[in-house]
Structure formats: structure tokens, C-alpha cells
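**Student:** Pasting run.txt below, which is compact mmCIF, C-alpha atoms.
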# COMPACT_ATOMS: atom_id res chain seq x y z
CA GLU A 130 78.71 163.24 137.13
CA THR A 131 75.40 162.91 138.96
CA GLY A 132 76.71 161.21 142.09
CA VAL A 133 74.51 158.19 141.40
CA THR A 134 76.40 154.93 141.08
CA GLN A 135 75.32 151.49 139.95
CA SER A 136 76.88 148.06 140.19
CA PRO A 137 77.79 145.94 138.44
CA THR A 138 78.32 147.68 135.09
CA HIS A 139 77.76 144.50 133.09
CA LEU A 140 76.26 141.15 133.94
CA ILE A 141 75.58 137.90 132.08
CA LYS A 142 72.99 135.45 133.39
CA THR A 143 71.14 132.45 132.04
CA ARG A 144 67.40 132.05 131.70
CA GLY A 145 65.69 131.12 134.96
CA GLN A 146 68.36 132.61 137.20
CA GLN A 147 67.90 135.49 139.63
CA VAL A 148 69.79 138.79 139.60
CA THR A 149 70.31 141.69 142.02
CA LEU A 150 71.33 145.12 140.77
CA ARG A 151 72.45 147.86 143.12
CA CYS A 152 72.22 151.62 143.14
CA SER A 153 73.62 154.28 145.41
CA SER A 154 71.63 157.50 145.32
CA GLN A 155 72.92 161.04 145.30
CA SER A 156 73.53 162.27 148.82
CA GLY A 157 70.36 163.63 150.49
CA HIS A 158 67.94 162.17 147.94
CA ASN A 159 64.94 160.30 149.38
CA THR A 160 63.48 158.82 146.21
CA VAL A 161 64.84 156.23 143.79
CA SER A 162 63.32 155.06 140.53
CA TRP A 163 64.29 152.12 138.34
CA TYR A 164 63.97 151.92 134.56
CA GLN A 165 64.48 149.23 131.95
CA GLN A 166 65.76 150.27 128.54
CA ALA A 167 65.74 147.75 125.72
CA LEU A 168 67.94 148.38 122.70
CA GLY A 169 66.60 151.20 120.55
CA GLN A 170 63.82 152.09 122.99
CA GLY A 171 63.31 154.75 125.62
CA PRO A 172 63.60 153.89 129.32
CA GLN A 173 60.49 152.22 130.73
CA PHE A 174 59.50 152.91 134.34
CA ILE A 175 59.66 149.83 136.56
CA PHE A 176 58.94 151.25 140.03
CA GLN A 177 59.81 153.97 142.47
CA TYR A 178 60.69 153.91 146.16
CA TYR A 179 60.14 156.81 148.52
CA ARG A 180 61.32 156.55 152.11
CA GLU A 181 61.76 152.79 151.79
CA GLU A 182 58.27 152.08 150.47
CA GLU A 183 57.19 151.31 146.92
CA ASN A 184 55.46 154.37 145.55
CA GLY A 185 54.35 153.61 142.05
CA ARG A 186 54.90 150.75 139.64
CA GLY A 187 54.95 150.45 135.88
CA ASN A 188 53.71 147.55 133.78
CA PHE A 189 56.18 144.96 135.10
CA PRO A 190 55.38 141.56 136.65
CA PRO A 191 55.90 140.77 140.35
CA ARG A 192 59.15 138.94 139.62
CA PHE A 193 60.61 142.45 139.44
CA SER A 194 60.99 143.61 143.03
CA GLY A 195 63.01 146.19 144.88
CA LEU A 196 64.25 147.51 148.16
CA GLN A 197 65.34 150.91 149.39
CA PHE A 198 67.52 151.08 152.46
CA PRO A 199 67.70 153.74 155.21
CA ASN A 200 70.87 155.14 153.65
CA TYR A 201 68.86 155.52 150.38
CA SER A 202 70.78 152.88 148.51
CA SER A 203 68.55 150.57 146.54
CA GLU A 204 68.31 147.14 144.95
CA LEU A 205 66.42 145.80 141.97
CA ASN A 206 65.81 142.06 142.04
CA VAL A 207 64.60 140.06 139.07
CA ASN A 208 63.60 136.42 139.51
CA ALA A 209 63.16 133.73 136.88
CA LEU A 210 65.05 135.68 134.24
CA GLU A 211 63.73 135.62 130.69
CA LEU A 212 65.57 136.40 127.46
CA ASP A 213 63.52 139.61 127.08
CA ASP A 214 64.93 140.89 130.37
CA SER A 215 68.16 141.64 128.51
CA ALA A 216 68.43 145.42 128.70
CA LEU A 217 70.14 148.41 130.27
CA TYR A 218 68.81 148.97 133.80
CA LEU A 219 68.94 152.53 135.05
CA CYS A 220 68.35 153.90 138.49
CA ALA A 221 67.62 157.54 139.17
CA SER A 222 67.48 159.44 142.43
CA SER A 223 65.59 162.58 143.30
CA LEU A 224 64.57 164.68 146.27
CA ARG A 225 60.81 164.69 146.61
CA GLY A 226 59.53 168.12 147.53
CA LEU A 227 59.91 171.52 145.95
CA GLY A 228 61.52 171.04 142.55
CA GLY A 229 61.72 167.31 143.06
CA GLU A 230 60.71 166.43 139.54
CA THR A 231 64.25 166.27 138.22
CA GLN A 232 65.83 162.84 138.37
CA TYR A 233 69.56 162.12 138.41
CA PHE A 234 70.52 158.95 136.61
CA GLY A 235 73.30 156.48 137.19
CA PRO A 236 75.34 155.03 134.33
CA GLY A 237 73.28 151.83 134.22
CA THR A 238 73.84 148.09 134.44
CA ARG A 239 73.77 146.18 131.19
CA LEU A 240 72.20 142.75 131.69
CA LEU A 241 72.43 140.00 129.13
CA VAL A 242 70.28 136.90 129.60
CA LEU A 243 71.33 133.83 127.61
CA SER B 64 52.42 160.11 134.21
CA GLN B 65 52.11 160.30 130.46
CA GLN B 66 54.46 159.57 127.64
CA GLY B 67 55.87 162.19 125.32
CA GLU B 68 56.45 161.41 121.66
CA GLU B 69 59.63 162.84 120.18
CA ASP B 70 59.94 163.83 116.55
CA PRO B 71 61.87 163.28 114.34
CA GLN B 72 63.13 159.85 115.33
CA ALA B 73 66.53 160.64 113.81
CA LEU B 74 68.26 163.86 112.80
CA SER B 75 71.62 164.32 111.12
CA ILE B 76 73.25 167.76 110.83
CA GLN B 77 76.63 169.36 110.23
CA GLU B 78 78.62 170.80 113.09
CA GLY B 79 77.72 174.45 113.62
CA GLU B 80 74.13 174.05 112.43
CA ASN B 81 71.12 174.29 114.69
CA ALA B 82 69.13 171.20 115.70
CA THR B 83 65.44 171.27 116.51
CA MET B 84 63.47 168.39 117.95
CA ASN B 85 59.86 168.27 119.04
CA CYS B 86 57.78 166.60 121.70
CA SER B 87 54.03 166.08 121.75
CA TYR B 88 51.88 164.87 124.62
CA LYS B 89 48.20 164.20 125.20
CA THR B 90 46.93 165.58 128.52
CA SER B 91 47.52 168.57 130.78
CA ILE B 92 50.91 168.85 132.42
CA ASN B 93 52.60 170.73 135.26
CA ASN B 94 56.02 170.69 133.64
CA LEU B 95 58.08 169.09 130.90
CA GLN B 96 61.68 167.96 131.07
CA TRP B 97 64.28 167.19 128.44
CA TYR B 98 67.03 164.62 128.98
CA ARG B 99 70.05 163.59 126.89
CA GLN B 100 71.55 160.11 126.66
CA ASN B 101 74.94 159.45 125.19
CA SER B 102 75.26 156.02 123.62
CA GLY B 103 74.33 153.30 126.11
CA ARG B 104 74.83 155.45 129.19
CA GLY B 105 72.69 157.15 131.82
CA LEU B 106 70.38 160.04 131.08
CA VAL B 107 71.42 163.59 131.87
CA HIS B 108 68.86 166.21 132.80
CA LEU B 109 69.00 169.22 130.46
CA ILE B 110 66.15 171.53 131.34
CA LEU B 111 62.73 171.70 133.00
CA ILE B 112 60.02 174.08 131.83
CA ARG B 113 56.87 174.65 133.86
CA SER B 114 53.39 174.89 132.40
CA ASN B 115 53.21 178.65 133.04
CA GLU B 116 56.42 179.28 131.11
CA ARG B 117 56.59 179.65 127.34
CA GLU B 118 60.32 179.68 126.76
CA LYS B 119 63.45 178.85 128.70
CA HIS B 120 67.16 179.07 127.90
CA SER B 121 70.18 177.23 129.21
CA GLY B 122 73.46 177.91 127.44
CA ARG B 123 73.01 176.77 123.82
CA LEU B 124 69.64 175.19 124.60
CA ARG B 125 66.30 176.86 124.05
CA VAL B 126 63.08 175.12 125.03
CA THR B 127 59.59 176.29 124.17
CA LEU B 128 56.30 175.02 125.49
CA ASP B 129 52.89 175.50 123.88
CA THR B 130 50.29 174.05 126.22
CA SER B 131 47.46 174.85 123.80
CA LYS B 132 49.07 172.59 121.21
CA LYS B 133 50.41 170.17 123.81
CA SER B 134 53.87 170.40 122.35
CA SER B 135 57.41 171.42 123.19
CA SER B 136 60.52 171.98 121.16
CA LEU B 137 64.20 171.77 122.01
CA LEU B 138 66.61 173.87 119.97
CA ILE B 139 70.36 173.31 120.19
CA THR B 140 72.24 176.16 118.58
CA ALA B 141 75.71 175.94 117.00
CA SER B 142 75.81 172.19 117.44
CA ARG B 143 79.00 170.31 118.23
CA ALA B 144 80.06 166.72 117.68
CA ALA B 145 79.70 166.21 121.44
CA ASP B 146 75.96 166.92 121.12
CA THR B 147 75.58 163.58 119.33
CA ALA B 148 73.16 161.69 121.56
CA SER B 149 69.53 160.64 121.98
CA TYR B 150 67.17 163.24 123.39
CA PHE B 151 64.05 162.41 125.39
CA CYS B 152 61.19 164.54 126.67
CA ALA B 153 59.24 163.70 129.82
CA PRO B 154 55.90 165.47 130.41
CA GLY B 155 55.04 165.70 134.11
CA ALA B 156 51.56 165.93 135.62
CA GLY B 157 52.19 165.88 139.35
CA SER B 158 53.50 162.35 139.57
CA TYR B 159 57.17 161.88 140.32
CA GLN B 160 57.39 159.13 137.71
CA LEU B 161 58.90 159.79 134.31
CA THR B 162 57.65 158.18 131.12
CA PHE B 163 59.82 158.38 128.02
CA GLY B 164 59.17 157.90 124.32
CA LYS B 165 61.69 156.48 121.89
CA GLY B 166 63.61 159.73 121.68
CA THR B 167 65.26 161.68 118.88
CA LYS B 168 68.65 160.36 117.84
CA LEU B 169 70.83 163.33 116.89
CA SER B 170 74.01 162.89 114.88
CA VAL B 171 76.30 165.90 114.51
CA ILE B 172 78.84 165.41 111.74
CA PRO B 173 82.20 167.14 112.23
Once more with this new file: its structure as C-alpha cells, please.

**Tutor:**
Amino acid sequence: ETGVTQSPTHLIKTRGQQVTLRCSSQSGHNTVSWYQQALGQGPQFIFQYYREEENGRGNFPPRFSGLQFPNYSSELNVNALELDDSALYLCASSLRGLGGETQYFGPGTRLLVL
Amino acid sequence: SQQGEEDPQALSIQEGENATMNCSYKTSINNLQWYRQNSGRGLVHLILIRSNEREKHSGRLRVTLDTSKKSSSLLITASRAADTASYFCAPGAGSYQLTFGKGTKLSVIP
């Protein structure tokens, strides 16, 4: 157990809808990263938040947005859902600083877009 | 950050045998991490090796790093059915972002 939790575990949406996924970081961690993992692929980096500010973004459109809160919980929002957004969404927390490269992953939210 | 490429894509062995998987990358790194993912679940950090280290052990895991060849290997000794999972490497170059390849899917047959 990493101490990182995600909700919900599964979600079904229809094309065009909006979705919010939530993550609670491991206690004391100041950085959260979000990843999208399509079936049979490795996780792809979406973005990272450090002290409530976006600190790096992968090749994802602006309809993917996020928030990090003072208690280091985090949200991933996706607008105008497309069929290709169906995937496992993973969040990972870490403590930036000495030895902060290691990330601790939650169990993921599986999103299905119909 | 840069992406590592794991090889082979799939590996099937008998319980008790050793499993070796490789990772190649393209530019200089500060460290390299290996993660494991059981089917459809979150990734679990296994080991981090820094660029000035050549070999590192953790239980039944042995990781080597050859910066001249830009490659790393992960050896799992005396494999168990519970080792069945996908394994990913993540080369790090100072950024706190991780970039993963498609991984090596290991099947350990009881």
C-alpha cells in the first residue's frame, strides 16, 4: 500500500461529457503527477503539480486540466470527453527534494467513454 | 524526461527460473527507476539506481546500469507466480516527470 488513494475506481461516461477524478496524496508529499494508460500501453504523463501550481505538462490538449489543493489532494478534469479518453488514469505523489524522484502510485480510476 | 524502451515485450518462464529484462534509453541520465504493475492496477516502485552506480540489489532483484551503452537490466531471481506483472523502466535526467515505454510483460508459470 502506497497511501495514495483515488476515486472513483470505475466510471462510465458518454462522449461530450465532463469528468472529475480525485486523488489523495501520501501524507507529506508536495508533488502530484497524473498519467493516462491506454490498454496495452505504458502510462503517459499528463501533467504534474507542485505546491498547487502546474509544473510540467505532457502532450495532452487543454481540455485536460487539474488542481492541487493545500492539503495536497488533487483533481484531474477532462472536458468534452472523446472515445479515446477511455483509459486507466493514475495519480502518483512524491516529495520533491532529496531523493524525490520516486513516485508512489494510486490504484487508478478506470474510465470508459461510450 | 526521456522514454525508456523495455525488451523483450513479453517473457514467459517457469517458477523458480530467473527473469531478465532490459531497458535502453537515448540521452544522459541522473538515475533510472524500475516499476512493476500488476494487471490493471497502480505501479509499484521497485528500485532506483543512480548514474554513478553500476549495480544495485534489493531482495531477489538485481539491477545493473551501463551508462556507456545507455542500458539497464533487471534480473529477478528464483521467480514466483506472484512476480507475474508488467515491468517498466523510467530514465531520469533531472526532471521529476516519468516517461514510460510499453513495458515487459512477465508471465511466471507455476

**Student:** With all atoms listed in the file as the basis for distance, which of A:Val148, A:Val207, A:Val133, A:Leu196 is at the shortest distance from chain B?

**Tutor:**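 The answer is A:Val133, which sits nearest to chain B.
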
**Student:** Suppose you want the space between atom CA of A:Ser222 and atom CA of B:Thr140; what is it in Å?

**Tutor:**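 Distance reported for this atom pair: 29.5 Å.
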
**Student:** Have a look at B:Gly155, B:Gly105, B:Gly79, B:Pro71 and name the one nearest to chain A; count all atoms listed in the file.

**Tutor:**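 Counting all atoms listed in the file, the residue closest to chain A is B:Gly105.
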
**Student:** For atom CA of A:Glu130 and atom CA of B:Tyr98, determine how far apart the two atoms are, in Å to one decimal place.

**Tutor:** 14.3 Å

**Student:** With a distance threshold of 7 Å and counting only C-alpha atoms, extract the residues of chain A near chain B and express them as a ChimeraX atom specification.

**Tutor:** /A:170-174,219,230,233-237

**Student:** Generate all heavy atoms for stretch 77-88 of chain B and emit them as a PDB file, in the coordinates of the input.

**Tutor:**
ATOM      1  N   GLN B  77      75.214 169.015 110.228  1.00  0.00           N
ATOM      2  CA  GLN B  77      76.630 169.360 110.230  1.00  0.00           C
ATOM      3  C   GLN B  77      76.957 170.168 111.488  1.00  0.00           C
ATOM      4  O   GLN B  77      76.097 170.902 112.009  1.00  0.00           O
ATOM      5  CB  GLN B  77      76.980 170.191 108.992  1.00  0.00           C
ATOM      6  CG  GLN B  77      76.781 169.467 107.669  1.00  0.00           C
ATOM      7  CD  GLN B  77      77.839 168.409 107.425  1.00  0.00           C
ATOM      8  OE1 GLN B  77      78.965 168.514 107.902  1.00  0.00           O
ATOM      9  NE2 GLN B  77      77.485 167.368 106.689  1.00  0.00           N
ATOM     10  N   GLU B  78      78.160 170.011 111.944  1.00  0.00           N
ATOM     11  CA  GLU B  78      78.620 170.800 113.090  1.00  0.00           C
ATOM     12  C   GLU B  78      78.444 172.286 112.797  1.00  0.00           C
ATOM     13  O   GLU B  78      78.729 172.741 111.681  1.00  0.00           O
ATOM     14  CB  GLU B  78      80.100 170.487 113.356  1.00  0.00           C
ATOM     15  CG  GLU B  78      80.559 170.799 114.764  1.00  0.00           C
ATOM     16  CD  GLU B  78      81.911 170.157 115.078  1.00  0.00           C
ATOM     17  OE1 GLU B  78      82.710 169.988 114.141  1.00  0.00           O
ATOM     18  OE2 GLU B  78      82.142 169.822 116.246  1.00  0.00           O
ATOM     19  N   GLY B  79      77.956 173.011 113.788  1.00  0.00           N
ATOM     20  CA  GLY B  79      77.720 174.450 113.620  1.00  0.00           C
ATOM     21  C   GLY B  79      76.283 174.787 113.274  1.00  0.00           C
ATOM     22  O   GLY B  79      75.843 175.919 113.485  1.00  0.00           O
ATOM     23  N   GLU B  80      75.547 173.810 112.747  1.00  0.00           N
ATOM     24  CA  GLU B  80      74.130 174.050 112.430  1.00  0.00           C
ATOM     25  C   GLU B  80      73.296 173.950 113.702  1.00  0.00           C
ATOM     26  O   GLU B  80      73.756 173.475 114.747  1.00  0.00           O
ATOM     27  CB  GLU B  80      73.644 173.033 111.390  1.00  0.00           C
ATOM     28  CG  GLU B  80      74.282 173.185 110.031  1.00  0.00           C
ATOM     29  CD  GLU B  80      73.757 172.174 109.028  1.00  0.00           C
ATOM     30  OE1 GLU B  80      73.253 171.112 109.446  1.00  0.00           O
ATOM     31  OE2 GLU B  80      73.861 172.451 107.820  1.00  0.00           O
ATOM     32  N   ASN B  81      72.050 174.407 113.583  1.00  0.00           N
ATOM     33  CA  ASN B  81      71.120 174.290 114.690  1.00  0.00           C
ATOM     34  C   ASN B  81      70.320 172.996 114.559  1.00  0.00           C
ATOM     35  O   ASN B  81      70.035 172.540 113.445  1.00  0.00           O
ATOM     36  CB  ASN B  81      70.145 175.470 114.713  1.00  0.00           C
ATOM     37  CG  ASN B  81      70.841 176.782 114.992  1.00  0.00           C
ATOM     38  OD1 ASN B  81      71.968 176.807 115.492  1.00  0.00           O
ATOM     39  ND2 ASN B  81      70.176 177.878 114.660  1.00  0.00           N
ATOM     40  N   ALA B  82      69.948 172.427 115.693  1.00  0.00           N
ATOM     41  CA  ALA B  82      69.130 171.200 115.700  1.00  0.00           C
ATOM     42  C   ALA B  82      67.845 171.477 116.453  1.00  0.00           C
ATOM     43  O   ALA B  82      67.878 172.023 117.569  1.00  0.00           O
ATOM     44  CB  ALA B  82      69.884 170.060 116.363  1.00  0.00           C
ATOM     45  N   THR B  83      66.731 171.100 115.855  1.00  0.00           N
ATOM     46  CA  THR B  83      65.440 171.270 116.510  1.00  0.00           C
ATOM     47  C   THR B  83      64.727 169.933 116.588  1.00  0.00           C
ATOM     48  O   THR B  83      64.623 169.212 115.599  1.00  0.00           O
ATOM     49  CB  THR B  83      64.546 172.262 115.739  1.00  0.00           C
ATOM     50  OG1 THR B  83      65.199 173.533 115.692  1.00  0.00           O
ATOM     51  CG2 THR B  83      63.203 172.426 116.438  1.00  0.00           C
ATOM     52  N   MET B  84      64.259 169.604 117.770  1.00  0.00           N
ATOM     53  CA  MET B  84      63.470 168.390 117.950  1.00  0.00           C
ATOM     54  C   MET B  84      62.199 168.738 118.727  1.00  0.00           C
ATOM     55  O   MET B  84      62.189 169.709 119.496  1.00  0.00           O
ATOM     56  CB  MET B  84      64.277 167.295 118.625  1.00  0.00           C
ATOM     57  CG  MET B  84      64.953 167.668 119.897  1.00  0.00           C
ATOM     58  SD  MET B  84      66.405 166.638 120.220  1.00  0.00           S
ATOM     59  CE  MET B  84      67.674 167.478 119.268  1.00  0.00           C
ATOM     60  N   ASN B  85      61.167 167.961 118.503  1.00  0.00           N
ATOM     61  CA  ASN B  85      59.860 168.270 119.040  1.00  0.00           C
ATOM     62  C   ASN B  85      59.334 167.151 119.924  1.00  0.00           C
ATOM     63  O   ASN B  85      59.737 165.998 119.804  1.00  0.00           O
ATOM     64  CB  ASN B  85      58.878 168.520 117.888  1.00  0.00           C
ATOM     65  CG  ASN B  85      59.358 169.610 116.959  1.00  0.00           C
ATOM     66  OD1 ASN B  85      59.476 170.757 117.351  1.00  0.00           O
ATOM     67  ND2 ASN B  85      59.669 169.233 115.722  1.00  0.00           N
ATOM     68  N   CYS B  86      58.419 167.548 120.788  1.00  0.00           N
ATOM     69  CA  CYS B  86      57.780 166.600 121.700  1.00  0.00           C
ATOM     70  C   CYS B  86      56.303 166.900 121.743  1.00  0.00           C
ATOM     71  O   CYS B  86      55.911 168.073 121.901  1.00  0.00           O
ATOM     72  CB  CYS B  86      58.404 166.745 123.094  1.00  0.00           C
ATOM     73  SG  CYS B  86      57.553 165.861 124.407  1.00  0.00           S
ATOM     74  N   SER B  87      55.475 165.895 121.607  1.00  0.00           N
ATOM     75  CA  SER B  87      54.030 166.080 121.750  1.00  0.00           C
ATOM     76  C   SER B  87      53.526 165.183 122.875  1.00  0.00           C
ATOM     77  O   SER B  87      54.105 164.130 123.154  1.00  0.00           O
ATOM     78  CB  SER B  87      53.310 165.755 120.437  1.00  0.00           C
ATOM     79  OG  SER B  87      53.552 164.421 120.061  1.00  0.00           O
ATOM     80  N   TYR B  88      52.460 165.636 123.526  1.00  0.00           N
ATOM     81  CA  TYR B  88      51.880 164.870 124.620  1.00  0.00           C
ATOM     82  C   TYR B  88      50.372 165.010 124.566  1.00  0.00           C
ATOM     83  O   TYR B  88      49.853 165.787 123.748  1.00  0.00           O
ATOM     84  CB  TYR B  88      52.448 165.323 125.968  1.00  0.00           C
ATOM     85  CG  TYR B  88      52.279 166.796 126.241  1.00  0.00           C
ATOM     86  CD1 TYR B  88      51.156 167.274 126.911  1.00  0.00           C
ATOM     87  CD2 TYR B  88      53.232 167.722 125.828  1.00  0.00           C
ATOM     88  CE1 TYR B  88      50.992 168.629 127.161  1.00  0.00           C
ATOM     89  CE2 TYR B  88      53.077 169.072 126.065  1.00  0.00           C
ATOM     90  CZ  TYR B  88      51.957 169.522 126.732  1.00  0.00           C
ATOM     91  OH  TYR B  88      51.797 170.869 126.965  1.00  0.00           O
TER      92      TYR B  88
END
